[in-house]
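Below: entry_0.txt (compact mmCIF, C-alpha atoms)
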```txt
# COMPACT_ATOMS: atom_id res chain seq x y z
CA MET Q 1 38.94 88.36 66.68
CA TRP Q 2 38.04 91.85 65.42
CA HIS Q 3 36.78 90.24 62.22
CA ILE Q 4 34.32 88.07 64.17
CA PHE Q 5 33.25 91.10 66.16
CA THR Q 6 32.35 93.04 62.99
CA ILE Q 7 30.24 90.12 61.81
CA ILE Q 8 28.30 89.54 65.06
CA GLY Q 9 28.15 93.18 66.18
CA PRO Q 10 25.38 94.35 63.81
CA GLY Q 11 23.10 91.74 65.41
CA ALA Q 12 23.09 93.98 68.46
CA ALA Q 13 20.67 96.31 66.62
CA ASN Q 14 17.92 93.69 66.58
CA THR Q 15 18.71 92.58 70.14
CA VAL Q 16 18.35 96.14 71.41
CA LEU Q 17 15.25 96.77 69.27
CA LEU Q 18 13.56 93.57 70.43
CA THR Q 19 14.42 94.15 74.08
CA SER Q 20 13.47 97.82 74.24
CA ILE Q 21 10.15 97.51 72.36
CA SER Q 22 9.08 94.47 74.38
CA PHE Q 23 10.15 96.18 77.57
CA ALA Q 24 8.17 99.34 76.72
CA PHE Q 25 5.03 97.37 75.82
CA GLY Q 26 5.47 95.17 78.89
CA ALA Q 27 5.92 98.10 81.26
CA VAL Q 28 2.66 99.70 80.06
CA LEU Q 29 0.63 96.48 79.73
CA ALA Q 30 1.68 95.53 83.24
CA ILE Q 31 -0.34 98.43 84.70
CA PRO Q 32 -3.82 97.08 83.81
CA VAL Q 33 -2.66 93.60 84.83
CA THR Q 34 -1.57 94.94 88.23
CA LEU Q 35 -4.83 96.84 88.67
CA ALA Q 36 -6.78 93.68 87.79
CA THR Q 37 -4.91 91.55 90.34
CA ARG Q 38 -5.61 94.23 92.98
CA SER Q 39 -9.21 94.80 91.99
CA SER Q 40 -11.96 94.53 94.58
CA PHE Q 41 -14.08 92.58 92.05
CA LEU Q 42 -13.51 88.92 92.75
CA LEU Q 43 -13.98 87.93 89.10
CA LEU Q 44 -11.52 90.49 87.74
CA ARG Q 45 -9.02 89.61 90.44
CA GLY Q 46 -9.39 85.93 89.63
CA VAL Q 47 -8.85 86.52 85.90
CA GLY Q 48 -5.80 88.68 86.62
CA ARG Q 49 -4.19 86.21 89.02
CA GLY Q 50 -5.05 83.33 86.69
CA LEU Q 51 -3.38 85.07 83.77
CA VAL Q 52 -0.25 85.83 85.78
CA GLU Q 53 0.10 82.28 87.11
CA PHE Q 54 -0.70 80.71 83.74
CA VAL Q 55 1.83 82.76 81.78
CA ARG Q 56 4.55 82.27 84.38
CA SER Q 57 4.03 78.52 84.66
CA ILE Q 58 5.11 77.93 81.05
CA PRO Q 59 8.67 78.58 79.80
CA VAL Q 60 9.17 81.58 77.51
CA LEU Q 61 10.52 79.33 74.76
CA VAL Q 62 7.25 77.39 74.73
CA TRP Q 63 5.22 80.62 74.43
CA LEU Q 64 7.48 81.72 71.62
CA PHE Q 65 6.88 78.47 69.74
CA ILE Q 66 3.13 78.62 70.39
CA VAL Q 67 3.02 82.10 68.87
CA PHE Q 68 5.40 81.54 65.99
CA PHE Q 69 4.70 77.94 64.95
CA GLY Q 70 1.22 77.54 66.45
CA LEU Q 71 -0.72 80.65 65.49
CA PRO Q 72 -0.34 80.17 61.70
CA GLN Q 73 -2.61 77.15 62.23
CA GLU Q 74 -5.34 79.65 63.18
CA GLY Q 75 -4.60 81.82 60.16
CA LEU Q 76 -2.29 84.26 61.93
CA SER Q 77 1.28 84.26 60.62
CA PRO Q 78 3.49 86.75 62.44
CA SER Q 79 7.03 87.36 61.19
CA PRO Q 80 9.77 86.11 63.52
CA LEU Q 81 10.46 89.60 64.87
CA VAL Q 82 6.77 90.36 65.47
CA ALA Q 83 6.24 86.98 67.12
CA ALA Q 84 9.22 87.58 69.40
CA ILE Q 85 8.09 91.11 70.32
CA ALA Q 86 4.52 89.96 71.00
CA THR Q 87 5.66 87.06 73.19
CA LEU Q 88 8.26 88.97 75.15
CA SER Q 89 5.84 91.90 75.66
CA VAL Q 90 3.16 89.70 77.21
CA VAL Q 91 5.63 87.73 79.30
CA SER Q 92 7.33 90.87 80.60
CA ALA Q 93 3.94 92.50 81.30
CA VAL Q 94 3.14 89.60 83.60
CA TYR Q 95 6.50 89.56 85.38
CA LEU Q 96 6.56 93.36 85.70
CA SER Q 97 3.03 93.37 87.11
CA GLU Q 98 4.29 91.18 89.95
CA ILE Q 99 7.04 93.72 90.60
CA TYR Q 100 4.52 96.60 90.53
CA ARG Q 101 2.25 94.70 92.90
CA GLY Q 102 5.10 94.21 95.33
CA GLY Q 103 5.93 97.91 95.02
CA ILE Q 104 2.39 99.00 95.83
CA ALA Q 105 2.29 96.62 98.79
CA ALA Q 106 5.52 98.15 100.09
CA ILE Q 107 3.90 101.58 100.44
CA ASP Q 108 2.54 102.24 103.90
CA ARG Q 109 -1.28 102.10 104.14
CA GLY Q 110 -1.12 105.44 105.91
CA GLN Q 111 -0.18 107.11 102.63
CA TRP Q 112 -3.51 106.05 101.11
CA GLU Q 113 -5.48 106.89 104.21
CA ALA Q 114 -3.84 110.28 104.71
CA SER Q 115 -4.36 111.41 101.13
CA ARG Q 116 -7.97 110.19 101.15
CA ALA Q 117 -8.49 112.06 104.39
CA LEU Q 118 -7.10 115.19 102.75
CA GLY Q 119 -9.78 114.88 100.07
CA PHE Q 120 -7.81 113.36 97.19
CA GLY Q 121 -9.86 111.03 94.98
CA ARG Q 122 -8.81 107.44 94.31
CA LEU Q 123 -7.28 108.38 90.95
CA ASP Q 124 -5.33 111.34 92.32
CA THR Q 125 -4.13 109.31 95.28
CA GLY Q 126 -2.90 106.63 92.92
CA SER Q 127 -1.24 108.89 90.39
CA ARG Q 128 0.07 111.72 92.59
CA ILE Q 129 0.67 110.32 96.05
CA VAL Q 130 1.27 106.60 95.88
CA GLY Q 131 2.37 106.27 92.23
CA PRO Q 132 5.60 108.29 92.51
CA GLN Q 133 6.58 106.40 95.65
CA VAL Q 134 5.88 103.07 93.97
CA LEU Q 135 8.00 104.19 91.02
CA ARG Q 136 10.97 104.69 93.28
CA VAL Q 137 10.55 101.38 95.04
CA VAL Q 138 10.17 99.33 91.85
CA LEU Q 139 12.89 100.97 89.80
CA PRO Q 140 15.78 98.68 90.86
CA PRO Q 141 13.86 95.40 90.37
CA VAL Q 142 12.40 96.70 87.08
CA ALA Q 143 15.91 97.50 85.83
CA THR Q 144 17.06 94.04 86.89
CA TYR Q 145 14.15 92.58 84.98
CA GLY Q 146 15.16 94.66 81.94
CA ILE Q 147 18.58 93.05 81.99
CA GLY Q 148 16.88 89.66 82.33
CA LEU Q 149 14.74 90.49 79.31
CA LEU Q 150 17.87 91.38 77.35
CA LYS Q 151 19.10 87.86 78.04
CA ASP Q 152 15.71 86.34 77.23
CA SER Q 153 15.74 88.11 73.87
CA ALA Q 154 18.39 85.56 72.84
CA LEU Q 155 15.52 83.05 72.61
CA ALA Q 156 14.30 84.88 69.50
CA SER Q 157 17.26 83.34 67.64
CA THR Q 158 15.47 79.98 67.82
CA ILE Q 159 12.66 81.24 65.56
CA GLY Q 160 15.03 82.95 63.16
CA VAL Q 161 15.25 86.55 64.36
CA VAL Q 162 18.69 87.68 63.18
CA GLU Q 163 20.00 89.11 66.44
CA LEU Q 164 23.23 88.62 68.40
CA THR Q 165 22.86 84.96 69.33
CA TYR Q 166 21.62 84.06 65.85
CA ARG Q 167 24.62 85.69 64.23
CA ALA Q 168 26.97 84.12 66.76
CA ASN Q 169 25.53 80.71 66.05
CA THR Q 170 25.90 81.05 62.27
CA GLU Q 171 29.44 82.30 62.71
CA THR Q 172 30.26 79.31 64.93
CA GLN Q 173 28.95 76.89 62.37
CA LEU Q 174 30.91 78.69 59.65
CA THR Q 175 34.26 78.92 61.42
CA GLY Q 176 34.12 76.25 64.13
CA LYS Q 177 35.56 78.80 66.57
CA GLY Q 178 32.68 78.55 69.02
CA LEU Q 179 34.63 79.59 72.08
CA THR Q 180 35.97 82.79 70.53
CA VAL Q 181 32.57 83.65 69.09
CA ASP Q 182 30.69 83.03 72.33
CA ILE Q 183 33.17 85.01 74.41
CA ILE Q 184 32.75 87.94 72.01
CA VAL Q 185 28.96 87.70 72.02
CA GLY Q 186 29.04 87.43 75.80
CA ILE Q 187 31.07 90.63 76.03
CA ILE Q 188 28.59 92.39 73.73
CA TYR Q 189 25.66 91.32 75.97
CA LEU Q 190 27.51 92.58 79.03
CA LEU Q 191 28.25 95.87 77.27
CA ILE Q 192 24.58 96.36 76.39
CA GLY Q 193 23.45 95.49 79.91
CA LEU Q 194 26.01 97.71 81.61
CA PRO Q 195 24.54 101.13 80.62
CA LEU Q 196 21.12 99.85 81.70
CA ALA Q 197 22.48 99.12 85.17
CA VAL Q 198 24.35 102.43 85.36
CA ILE Q 199 21.36 104.48 84.20
CA SER Q 200 19.01 102.77 86.64
CA ARG Q 201 21.40 103.45 89.52
CA HIS Q 202 21.65 107.10 88.43
CA VAL Q 203 17.88 107.56 88.08
CA ASP Q 204 17.36 105.73 91.36
CA SER Q 205 19.66 108.07 93.26
CA ARG Q 206 18.03 111.13 91.66
CA LEU Q 207 14.54 109.90 92.54
CA ARG Q 208 15.76 109.18 96.04
CA ALA Q 209 16.97 112.77 96.36
CA LYS Q 210 13.77 114.19 94.88
CA PHE Q 211 11.38 112.30 97.12
CA SER Q 212 13.84 112.21 99.99
CA LEU Q 213 12.80 108.71 101.00
CA THR Q 214 15.11 106.27 102.64
CA MET O 1 -11.04 76.08 62.48
CA THR O 2 -11.29 72.52 61.27
CA SER O 3 -10.01 70.68 64.31
CA SER O 4 -9.82 71.58 67.96
CA VAL O 5 -6.51 72.45 69.55
CA PHE O 6 -6.89 69.38 71.74
CA SER O 7 -6.88 66.88 68.88
CA GLY O 8 -3.82 64.66 68.83
CA TRP O 9 -3.13 65.19 72.54
CA GLY O 10 -3.81 61.51 73.25
CA GLN O 11 -1.19 60.29 70.77
CA ASP O 12 1.35 62.99 71.61
CA LEU O 13 1.25 62.65 75.38
CA PRO O 14 3.37 59.45 75.77
CA GLU O 15 6.15 60.95 73.64
CA LEU O 16 6.13 64.20 75.56
CA LEU O 17 6.12 62.35 78.88
CA ARG O 18 9.36 60.68 77.81
CA GLY O 19 10.68 64.18 77.20
CA LEU O 20 9.47 65.22 80.65
CA GLY O 21 11.55 62.40 82.13
CA VAL O 22 14.66 63.76 80.42
CA ALA O 23 13.80 67.31 81.51
CA LEU O 24 13.52 66.15 85.14
CA GLN O 25 16.83 64.28 84.89
CA LEU O 26 18.48 67.42 83.53
CA THR O 27 17.00 69.47 86.35
CA GLY O 28 18.05 66.97 89.01
CA LEU O 29 21.64 66.76 87.81
CA ALA O 30 21.90 70.52 87.40
CA LEU O 31 20.75 71.03 90.99
CA VAL O 32 22.91 68.27 92.48
CA LEU O 33 26.00 69.82 90.88
CA GLY O 34 24.88 73.45 90.92
CA PHE O 35 23.84 73.96 94.54
CA PRO O 36 27.15 72.77 96.07
CA GLY O 37 28.89 74.75 93.32
CA GLY O 38 26.92 77.81 94.33
CA LEU O 39 27.82 77.40 98.01
CA LEU O 40 31.47 76.94 97.06
CA THR O 41 31.58 80.05 94.86
CA ALA O 42 29.76 82.03 97.57
CA LEU O 43 32.56 81.07 99.97
CA LEU O 44 35.21 81.88 97.35
CA VAL O 45 33.76 85.34 96.73
CA SER O 46 33.70 86.15 100.45
CA ARG O 47 37.39 85.19 100.85
CA ARG O 48 40.00 87.87 101.42
CA ASN O 49 42.39 86.16 98.99
CA TRP O 50 42.03 88.12 95.72
CA LEU O 51 42.64 85.11 93.48
CA ALA O 52 39.89 83.06 95.15
CA LYS O 53 37.61 86.08 94.99
CA LEU O 54 38.35 86.60 91.28
CA VAL O 55 37.71 82.96 90.38
CA GLY O 56 34.41 83.01 92.27
CA LEU O 57 33.34 86.30 90.72
CA VAL O 58 34.13 85.16 87.17
CA ILE O 59 32.12 81.95 87.58
CA VAL O 60 29.16 83.85 89.07
CA GLU O 61 29.17 86.86 86.75
CA VAL O 62 29.60 84.85 83.54
CA GLY O 63 26.89 82.43 84.66
CA ARG O 64 24.46 85.25 85.42
CA GLY O 65 25.55 87.75 82.78
CA LEU O 66 25.26 85.61 79.67
CA PRO O 67 21.95 84.41 78.27
CA LEU O 68 21.51 80.75 79.21
CA LEU O 69 21.20 80.01 75.51
CA VAL O 70 24.69 81.42 74.89
CA LEU O 71 25.99 79.43 77.87
CA LEU O 72 24.60 76.27 76.27
CA TYR O 73 26.25 77.08 72.95
CA LEU O 74 29.46 77.96 74.77
CA VAL O 75 29.67 74.53 76.39
CA TYR O 76 28.41 72.51 73.43
CA GLN O 77 29.96 74.31 70.46
CA GLY O 78 32.64 76.41 72.14
CA LEU O 79 34.59 73.96 74.27
CA PRO O 80 35.41 71.67 71.30
CA GLN O 81 37.64 74.54 70.12
CA ILE O 82 39.94 73.68 73.05
CA HIS O 83 39.40 69.95 72.39
CA LEU O 84 36.86 69.40 75.11
CA SER O 85 33.85 67.77 73.51
CA LEU O 86 30.87 66.80 75.64
CA THR O 87 27.76 64.98 74.45
CA ASN O 88 24.67 67.16 74.06
CA PHE O 89 23.15 65.82 77.31
CA LEU O 90 26.31 66.43 79.34
CA SER O 91 26.70 69.87 77.77
CA ALA O 92 23.19 70.74 78.88
CA VAL O 93 23.90 69.41 82.40
CA ALA O 94 27.10 71.48 82.56
CA ALA O 95 25.44 74.67 81.31
CA PHE O 96 22.42 74.35 83.65
CA ALA O 97 24.65 73.43 86.60
CA TRP O 98 26.77 76.50 85.89
CA SER O 99 23.68 78.68 85.78
CA THR O 100 22.33 77.11 88.98
CA ALA O 101 25.65 77.66 90.73
CA ALA O 102 25.81 81.29 89.61
CA TYR O 103 22.31 82.21 90.75
CA SER O 104 22.33 80.13 93.96
CA SER O 105 25.71 81.59 94.88
CA GLU O 106 24.10 84.98 95.43
CA MET O 107 21.32 83.39 97.50
CA PHE O 108 23.80 81.55 99.73
CA ARG O 109 25.90 84.68 100.09
CA SER O 110 23.01 86.95 101.03
CA SER O 111 21.57 84.45 103.50
CA LEU O 112 24.97 84.01 105.16
CA ASN O 113 25.27 87.79 105.33
CA ALA O 114 21.81 88.03 106.86
CA LEU O 115 22.97 86.20 109.99
CA PRO O 116 23.85 88.42 112.94
CA ASN O 117 27.61 88.59 113.43
CA GLY O 118 27.15 87.55 117.04
CA GLN O 119 26.40 83.98 115.90
CA ARG O 120 29.91 83.60 114.50
CA GLU O 121 31.54 85.44 117.35
CA ALA O 122 29.72 83.38 119.99
CA ALA O 123 30.60 80.10 118.26
CA LEU O 124 34.27 81.06 118.00
CA ALA O 125 34.28 82.30 121.57
CA SER O 126 32.90 78.98 122.82
CA GLY O 127 35.93 77.31 121.32
CA MET O 128 34.54 76.01 118.03
CA GLY O 129 36.94 76.06 115.07
CA GLN O 130 36.30 77.98 111.85
CA VAL O 131 35.05 74.87 110.04
CA ASP O 132 32.80 73.71 112.88
CA THR O 133 31.41 77.22 113.28
CA PHE O 134 30.46 77.24 109.63
CA ARG O 135 29.21 73.68 109.51
CA PHE O 136 27.18 73.59 112.74
CA VAL O 137 26.22 77.19 113.46
CA LEU O 138 26.17 79.38 110.35
CA LEU O 139 25.22 76.99 107.55
CA PRO O 140 22.08 75.50 109.17
CA GLN O 141 20.69 78.97 109.88
CA ALA O 142 21.63 80.31 106.44
CA LEU O 143 20.03 77.33 104.73
CA ARG O 144 16.74 77.99 106.45
CA ILE O 145 16.70 81.47 104.93
CA ALA O 146 17.97 80.28 101.55
CA ILE O 147 15.63 77.32 101.07
CA PRO O 148 12.60 79.11 99.57
CA PRO O 149 14.60 81.09 96.97
CA LEU O 150 16.67 78.00 96.15
CA LEU O 151 13.52 75.98 95.51
CA ASN O 152 12.13 78.75 93.32
CA LEU O 153 15.40 78.65 91.41
CA ALA O 154 14.93 74.91 90.97
CA VAL O 155 11.55 75.55 89.33
CA GLN O 156 13.14 78.13 87.04
CA ILE O 157 15.87 75.69 86.07
CA PHE O 158 13.23 73.09 85.25
CA GLN O 159 11.56 75.62 82.93
CA ALA O 160 14.93 76.51 81.46
CA THR O 161 15.59 72.91 80.42
CA ALA O 162 13.33 73.70 77.44
CA LEU O 163 16.37 75.47 76.01
CA ALA O 164 18.25 72.19 75.71
CA TYR O 165 16.08 71.78 72.62
CA VAL O 166 18.60 73.88 70.65
CA ILE O 167 21.35 71.32 71.16
CA THR O 168 18.96 68.44 70.34
CA VAL O 169 18.64 66.96 73.84
CA PRO O 170 15.47 64.82 73.64
CA GLU O 171 13.54 66.80 76.26
CA ILE O 172 9.93 67.99 75.95
CA MET O 173 10.38 70.64 73.24
CA GLN O 174 12.53 68.38 71.07
CA HIS O 175 9.77 65.75 71.07
CA ALA O 176 7.09 68.40 70.60
CA TYR O 177 8.84 69.96 67.62
CA PHE O 178 9.32 66.59 65.99
CA LEU O 179 5.66 65.65 66.51
CA GLY O 180 4.72 69.01 65.04
CA THR O 181 6.71 68.40 61.87
CA VAL O 182 4.81 65.15 61.41
CA SER O 183 1.25 66.29 62.11
CA PHE O 184 1.64 70.00 61.26
CA LEU O 185 -0.53 70.66 64.32
CA TYR O 186 2.16 72.78 65.97
CA LEU O 187 -0.31 74.73 68.08
CA ASN O 188 -1.79 71.57 69.58
CA VAL O 189 1.47 69.91 70.47
CA PHE O 190 3.15 73.05 71.85
CA LEU O 191 0.07 73.79 73.96
CA LEU O 192 0.27 70.25 75.34
CA ALA O 193 3.96 70.83 76.06
CA GLY O 194 2.98 74.01 77.89
CA VAL O 195 0.44 72.08 79.93
CA LEU O 196 3.13 69.57 80.95
CA TYR O 197 5.42 72.37 82.14
CA ALA O 198 2.55 73.99 84.02
CA ALA O 199 1.61 70.63 85.56
CA VAL O 200 5.02 70.50 87.22
CA THR O 201 5.51 74.20 87.85
CA LEU O 202 2.17 75.20 89.40
CA PRO O 203 2.00 72.54 92.16
CA SER O 204 5.71 73.03 92.91
CA SER O 205 5.30 76.77 93.29
CA ALA O 206 2.24 76.29 95.49
CA LEU O 207 4.14 73.86 97.73
CA ILE O 208 7.08 76.24 97.96
CA ALA O 209 4.74 79.05 99.02
CA VAL O 210 3.34 76.86 101.81
CA LEU O 211 6.82 75.82 102.92
CA GLU O 212 7.97 79.44 102.90
CA ARG O 213 5.10 80.43 105.20
CA ARG O 214 5.86 77.57 107.58
CA LEU O 215 9.60 78.24 107.65
CA SER O 216 9.07 81.92 108.33
CA ARG O 217 7.27 80.98 111.55
CA HIS O 218 10.55 79.71 112.97
CA THR O 219 12.90 82.43 111.92
CA SER O 220 13.64 85.11 114.42
CA VAL O 221 15.37 87.40 111.93
```
Written form, structure tokens:
Amino acid sequence: MWHIFTIIGPGAANTVLLTSISFAFGAVLAIPVTLATRSSFLLLRGVGRGLVEFVRSIPVLVWLFIVFFGLPQEGLSPSPLVAAIATLSVVSAVYLSEIYRGGIAAIDRGQWEASRALGFGRLDTGSRIVGPQVLRVVLPPVATYGIGLLKDSALASTIGVVELTYRANTETQLTGKGLTVDIIVGIIYLLIGLPLAVISRHVDSRLRAKFSLT
Amino acid sequence: MTSSVFSGWGQDLPELLRGLGVALQLTGLALVLGFPGGLLTALLVSRRNWLAKLVGLVIVEVGRGLPLLVLLYLVYQGLPQIHLSLTNFLSAVAAFAWSTAAYSSEMFRSSLNALPNGQREAALASGMGQVDTFRFVLLPQALRIAIPPLLNLAVQIFQATALAYVITVPEIMQHAYFLGTVSFLYLNVFLLAGVLYAAVTLPSSALIAVLERRLSRHTSV
């Protein structure tokens, strides 16, 4: 059992790398997407909403295959890891933008109105008054999405990224002990996801204290 | 660019539609087995008996905690280790049903919890038994709350059937990949596959949104 663990374990490095980079890109890219879907320009709003609906209507695996197997046809040949990061970044940007949008909608209109009335500009209102409150509201669902992304990163094994699931699969085919292997890999996924959940709860309670919102 | 990304769509479509049929079958079976399974585990988890609670929790947490891909491998390649071999199609049904049960379990549980306690108390006080109270008073109200999220889950499960590709179930992606290896026009065929998924997903999601708005008119909570 320990032997199998030492063989699969190192795959965790790529799983964590893939998840964290995609998550970071997604979290930042989601901001312009959110702003576009909330824009007062009809065209921009339409493009934003269209993008969100389009990306979400197609399974992640299909996007992954379009990027990895499809793009070389247009002269672009990303490595498996780059293809996986690119795909997961865009997909998470779209899903996170929906979470951000919900977070902004959850903030009372009065917050905008009051800060505008006090003479704050649109940018300052967004970044200093509403932004921090949105941050607190969206943190739990964003953390949940992060754990979901960790699980989605397993898809990268299908295009040959040597991460946890890939290693588990090779080990299964080598030893035939699929049950043992999958239980071990399952435990590793849970162990990676656990700190994420704990940290988010910790940060959430600290933000709660800081902004004293209930 | 020598050819457009649409070329070959005409020839590829019939093959992919056959895959769509299999994907819908997978989805249907997963839901038929998974939703009752989810309700059952929701009831198990809310029991005071620790063993029932533990069994329910393990089913739910494993189903939600592992990547669906690993769940598929677990059923297809793992169970043979304890001499339980399922065909690739049945393995996919089992894995997707498990996932459906795990996720829907939380939806059933939270919608049952959302009901005011007075509903249960009033039903019991008017002489209804535990089973009747659940069947005729609590469940119908909980279902009304749970229906929109359950339907959204159904759409997600349909999208997830693409994963059955890895255990060679002849669904959309399996056909698409094969067609790609023949024509080398991977981009074209995977885009067409994407369009097929979107053709099911977008109208379904729109309908669910309408239904959700109409249902919310009748809920007092």
* Dump as a PyMOL selection string all residues having an atom at most 6 Å from (35.2, 76.2, 71.0), computed in the file's coordinates with all atoms listed in the file. => (chain Q and resi 177-179) or (chain O and resi 77-82)
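Comparing O:Ile157, O:Met107, O:Leu69, O:Ala209 by their smallest distance to chain Q, the closest is O:Leu69 (using all atoms listed in the file).
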Go through chain Q residue by residue and, counting only C-alpha atoms, keep those with an atom at most 7 Å from chain O; for each kept residue give the shortest atom pair and its distance in Å to one decimal, ordered by chain and increasing number, as CSV.
```
residue,atom,partner,partner_atom,distance
Q:Ser57,CA,O:Ala198,CA,4.8
Q:Ile58,CA,O:Gly194,CA,5.5
Q:Pro59,CA,O:Gln159,CA,5.2
Q:Leu61,CA,O:Ala162,CA,6.8
Q:Val62,CA,O:Gly194,CA,6.3
Q:Phe65,CA,O:Phe190,CA,6.9
Q:Ile66,CA,O:Leu187,CA,5.7
Q:Phe69,CA,O:Tyr186,CA,5.8
Q:Gly70,CA,O:Leu187,CA,3.6
Q:Leu71,CA,O:Leu187,CA,6.5
Q:Gln73,CA,O:Leu187,CA,6.7
Q:Glu74,CA,O:Met1,CA,6.8
Q:Lys151,CA,O:Pro67,CA,4.5
Q:Asp152,CA,O:Pro67,CA,6.6
Q:Ala154,CA,O:Pro67,CA,6.6
Q:Thr165,CA,O:Val70,CA,6.8
Q:Lys177,CA,O:Gln81,CA,5.9
Q:Gly178,CA,O:Gly78,CA,3.8
Q:Leu179,CA,O:Gly78,CA,3.8
Q:Asp182,CA,O:Leu74,CA,5.8
Q:Gly186,CA,O:Leu66,CA,5.7
Q:Tyr189,CA,O:Leu66,CA,6.8
Q:Leu190,CA,O:Gly65,CA,6.4
```
Could those selected residues go to a file with C-alpha atoms, as a CSV table (one decimal), keeping the file's coordinate frame?
```csv
chain,number,residue,atom,x,y,z
Q,57,SER,CA,4.0,78.5,84.7
Q,58,ILE,CA,5.1,77.9,81.0
Q,59,PRO,CA,8.7,78.6,79.8
Q,61,LEU,CA,10.5,79.3,74.8
Q,62,VAL,CA,7.2,77.4,74.7
Q,65,PHE,CA,6.9,78.5,69.7
Q,66,ILE,CA,3.1,78.6,70.4
Q,69,PHE,CA,4.7,77.9,65.0
Q,70,GLY,CA,1.2,77.5,66.4
Q,71,LEU,CA,-0.7,80.6,65.5
Q,73,GLN,CA,-2.6,77.2,62.2
Q,74,GLU,CA,-5.3,79.6,63.2
Q,151,LYS,CA,19.1,87.9,78.0
Q,152,ASP,CA,15.7,86.3,77.2
Q,154,ALA,CA,18.4,85.6,72.8
Q,165,THR,CA,22.9,85.0,69.3
Q,177,LYS,CA,35.6,78.8,66.6
Q,178,GLY,CA,32.7,78.6,69.0
Q,179,LEU,CA,34.6,79.6,72.1
Q,182,ASP,CA,30.7,83.0,72.3
Q,186,GLY,CA,29.0,87.4,75.8
Q,189,TYR,CA,25.7,91.3,76.0
Q,190,LEU,CA,27.5,92.6,79.0
```
* Go through O:Phe89, O:Asn113, O:Pro148, O:Leu33 one by one, measure the shortest atom-to-atom distance of each to Val169 (chain O) using all atoms listed in the file, and give the residue with the smallest value. =>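 Checking each of O:Phe89, O:Asn113, O:Pro148, O:Leu33 against Val169 (chain O), counting all atoms listed in the file, the winner is O:Phe89.
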* Asked: Which residues come within 10 Å of Glu163 (chain Q), counting only C-alpha atoms, excluding same-chain residues fewer than 5 positions away, as a PyMOL selection string?
  -> chain Q and resi 8-18+81+153-157+168
* Asked: So which residues touch Trp9 (chain O) within 8 Å, counting all atoms listed in the file, skipping near sequence neighbours fewer than 2 positions away, as a ChimeraX atom specification?
  -> /O:6-7,11-13,188-189,192
Convert the current residue selection to file output with C-alpha atoms, as a PDB file, in the frame of the given file.
```pdb
ATOM      1  CA  PHE O   6      -6.890  69.380  71.740  1.00  0.00           C
ATOM      2  CA  SER O   7      -6.880  66.880  68.880  1.00  0.00           C
ATOM      3  CA  GLN O  11      -1.190  60.290  70.770  1.00  0.00           C
ATOM      4  CA  ASP O  12       1.350  62.990  71.610  1.00  0.00           C
ATOM      5  CA  LEU O  13       1.250  62.650  75.380  1.00  0.00           C
ATOM      6  CA  ASN O 188      -1.790  71.570  69.580  1.00  0.00           C
ATOM      7  CA  VAL O 189       1.470  69.910  70.470  1.00  0.00           C
ATOM      8  CA  LEU O 192       0.270  70.250  75.340  1.00  0.00           C
TER       9      LEU O 192
END
```
Do a neighbour search on Val32 (chain O) at 12 Å with all atoms listed in the file, toss out local chain neighbours closer than 3 positions, and write the hits as a PDB file with C-alpha atoms, keeping the file's coordinate frame.
```pdb
ATOM      1  CA  GLN O  25      16.830  64.280  84.890  1.00  0.00           C
ATOM      2  CA  LEU O  26      18.480  67.420  83.530  1.00  0.00           C
ATOM      3  CA  THR O  27      17.000  69.470  86.350  1.00  0.00           C
ATOM      4  CA  GLY O  28      18.050  66.970  89.010  1.00  0.00           C
ATOM      5  CA  LEU O  29      21.640  66.760  87.810  1.00  0.00           C
ATOM      6  CA  PHE O  35      23.840  73.960  94.540  1.00  0.00           C
ATOM      7  CA  PRO O  36      27.150  72.770  96.070  1.00  0.00           C
ATOM      8  CA  GLY O  37      28.890  74.750  93.320  1.00  0.00           C
ATOM      9  CA  GLY O  38      26.920  77.810  94.330  1.00  0.00           C
ATOM     10  CA  LEU O  39      27.820  77.400  98.010  1.00  0.00           C
ATOM     11  CA  VAL O  93      23.900  69.410  82.400  1.00  0.00           C
ATOM     12  CA  ALA O  94      27.100  71.480  82.560  1.00  0.00           C
ATOM     13  CA  PHE O  96      22.420  74.350  83.650  1.00  0.00           C
ATOM     14  CA  ALA O  97      24.650  73.430  86.600  1.00  0.00           C
ATOM     15  CA  TRP O  98      26.770  76.500  85.890  1.00  0.00           C
ATOM     16  CA  THR O 100      22.330  77.110  88.980  1.00  0.00           C
ATOM     17  CA  ALA O 101      25.650  77.660  90.730  1.00  0.00           C
ATOM     18  CA  SER O 104      22.330  80.130  93.960  1.00  0.00           C
ATOM     19  CA  ALA O 154      14.930  74.910  90.970  1.00  0.00           C
TER      20      ALA O 154
END
```
* Could you pull the residues within 9 Å of Val137 (chain O), counting only C-alpha atoms, minus those fewer than 6 positions along the same chain, as a list in words? ->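 Residues meeting the cut-off are Gln119, Arg120 and Ala123 of chain O.
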Find the smallest box with edges along x, y and z containing every listed atom of region 110-126 of chain O, then add 4 Å on each side and report centre and edge lengths in Å to one decimal, as lines of an AutoDock Vina configuration file.
```
center_x = 27.9
center_y = 83.8
center_z = 111.9
size_x = 20.7
size_y = 17.6
size_z = 29.8
```
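Distance annotation: of Q:Arg101, Q:Arg122, Q:Arg167, Q:Arg38, the residue with the minimal separation from Val134 (chain Q) is Q:Arg101; atom set is only C-alpha atoms.
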* Using only C-alpha atoms, which residues sit within 10 Å of Val137 (chain Q) once same-chain residues fewer than 5 positions away are excluded, as number ranges by chain? -> Q: 99-100, 102-104, 106-107, 131-132, 142, 204, 207-208, 213
* What is the distance, in Å and to one decimal place, between CA of Gly146 (chain Q) and CA of Thr37 (chain Q)? ->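 Pair CA of Gly146 (chain Q) / CA of Thr37 (chain Q) returns 22.0 Å.
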